[in-house]
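*Asks:* The structure under discussion is supplied below as structure tokens; questions concerning it will follow.
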Amino acid sequence: MTTILALLEAGKTQKEIAEQLGIPVGRLRYQLTNYRKSQASRALTPAPPEVDDYALLDERYELDRLVAMPRDAESLYVYWELTPELIGMVESHFGCSWSVLPKRLRVYDVSFVHFKGDNFNRYWDFDVTQEANNWFVNGVAPACSYVIDYGTVALDGRFITLLRSNSVQTPPREEQREGESRWVRMEVSQAIEPQTSWQPFFNGYSLSAQADLD
């Protein structure tokens with residue numbers, strides 16, 4: 001299981017991990033499901049009802065969404081999904097294939113801040129692999145709040161938000177035993193809709209507004 005988690009953290013998809021380890025994808029999913037259930041049962045609080053094992057795997061719900069949850073006091077786990085409609089709009093706007101656009105996560109520290117989309121303590125970016133639909137975010141601080149954006153980068157270097165997560169809070173360090181990594185209860189708040197330069201013509205949360213992107 002340590003190897004599987006390390007490969008997930010490195011951005012490998014479950015299919016790639018199964019092929020690398022020489023096991024069926026179904027068996028890999030079964031192992032991950034049992035592992036996450038065992039981790040949830042060890043937590044001081046019950047596993048969050050908003051997140052189930054299948055949501056963390058390859059099940060698709062045909063929704064544009066980015067979900068963040070605390071892994072332990074110093075790391076988060078995020079997973080996301082983009083519908084073909086949203087991907088098509090991005091390709092039309094940038095005039096290129098989705099596969100050639102860089103993919104990036106932006107982490108906002110919103111501790112003790114009523115986050116409105118443009119106010120935060122600090123933020124940092126890092127690239128993710130093209131095929132990834134989940135990622136471990138390390139280096140966060142205990143007892144702090146974070147919001148995460150998934151997006152791409154324009155030619156002029158601007159970060160373009162496509163998805164925004166819920167606000168998530170890490171637990172205090174003393175709630176975690178030394179050497180233990182566990183899933184803890186997720187505190188969910190409504191995601192703030194990202195304000196992009198192409199609104200209202202392009203909206204990462206709604207496809208209702210249409211425009212000529214030529």
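Every chain in the structure tokens has a letter given in the order shown (A, B, ...), and although residue numbers restart at 1 in each chain, ligands are simply numbered from 1 in the order shown.
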Pick out the residues sitting within 12 Å of stretch 115-131 of chain A, and hand them over as a VMD selection string; count only C-alpha atoms, and ignore anything fewer than 5 positions along from it in its own chain.

*Replies:* chain A and resid 8 to 16 78 to 82 97 to 110 136 to 140 144 to 153 158 to 161 164 to 168 189 to 196

*Asks:* Give me every helix (DSSP H, G or I) residue in stretch 41-158 of chain A, going by DSSP on the backbone, as a PyMOL selection string.

*Replies:* chain A and resi 41-42+53-56+84-94+98-100

*Asks:* Report, in Å to a single decimal, how far apart atom CA of A:Tyr77 and atom CA of A:Gly22 are.

*Replies:*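 Atom CA of A:Tyr77 lies at a distance of 25.5 Å from atom CA of A:Gly22.
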
*Asks:* Which is closest to A:Leu163 among A:Gly95, A:Pro142, A:Arg65, A:Pro84, if we use only C-alpha atoms?

*Replies:*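 Among A:Gly95, A:Pro142, A:Arg65, A:Pro84, it is A:Arg65 that comes nearest to A:Leu163.
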
*Asks:* Go through A:Leu155, A:Ala141, A:Leu162, A:Leu32 one by one, measure the shortest atom-to-atom distance of each to A:Asp72 using only C-alpha atoms, and give the residue with the smallest value.

*Replies:*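 Answer, going by the shortest atom-to-atom distance: A:Ala141.
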
*Asks:* What does the structure give for the distance between atom CA of A:Ala6 and atom CA of A:Trp135, in Å to one decimal?

*Replies:*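 Here the two named atoms are 10.8 Å from each other.
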
*Asks:* I'd like the interatomic distance between atom CA of A:Gln169 and atom CA of A:Asn134, to a tenth of an Å.

*Replies:*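 The value is 18.3 Å.
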
*Asks:* Using only C-alpha atoms, which of the listed residues (A:Ser111, A:Gln31, A:Ile4, A:Asn133) sits closest to A:Glu19?

*Replies:* A:Ile4
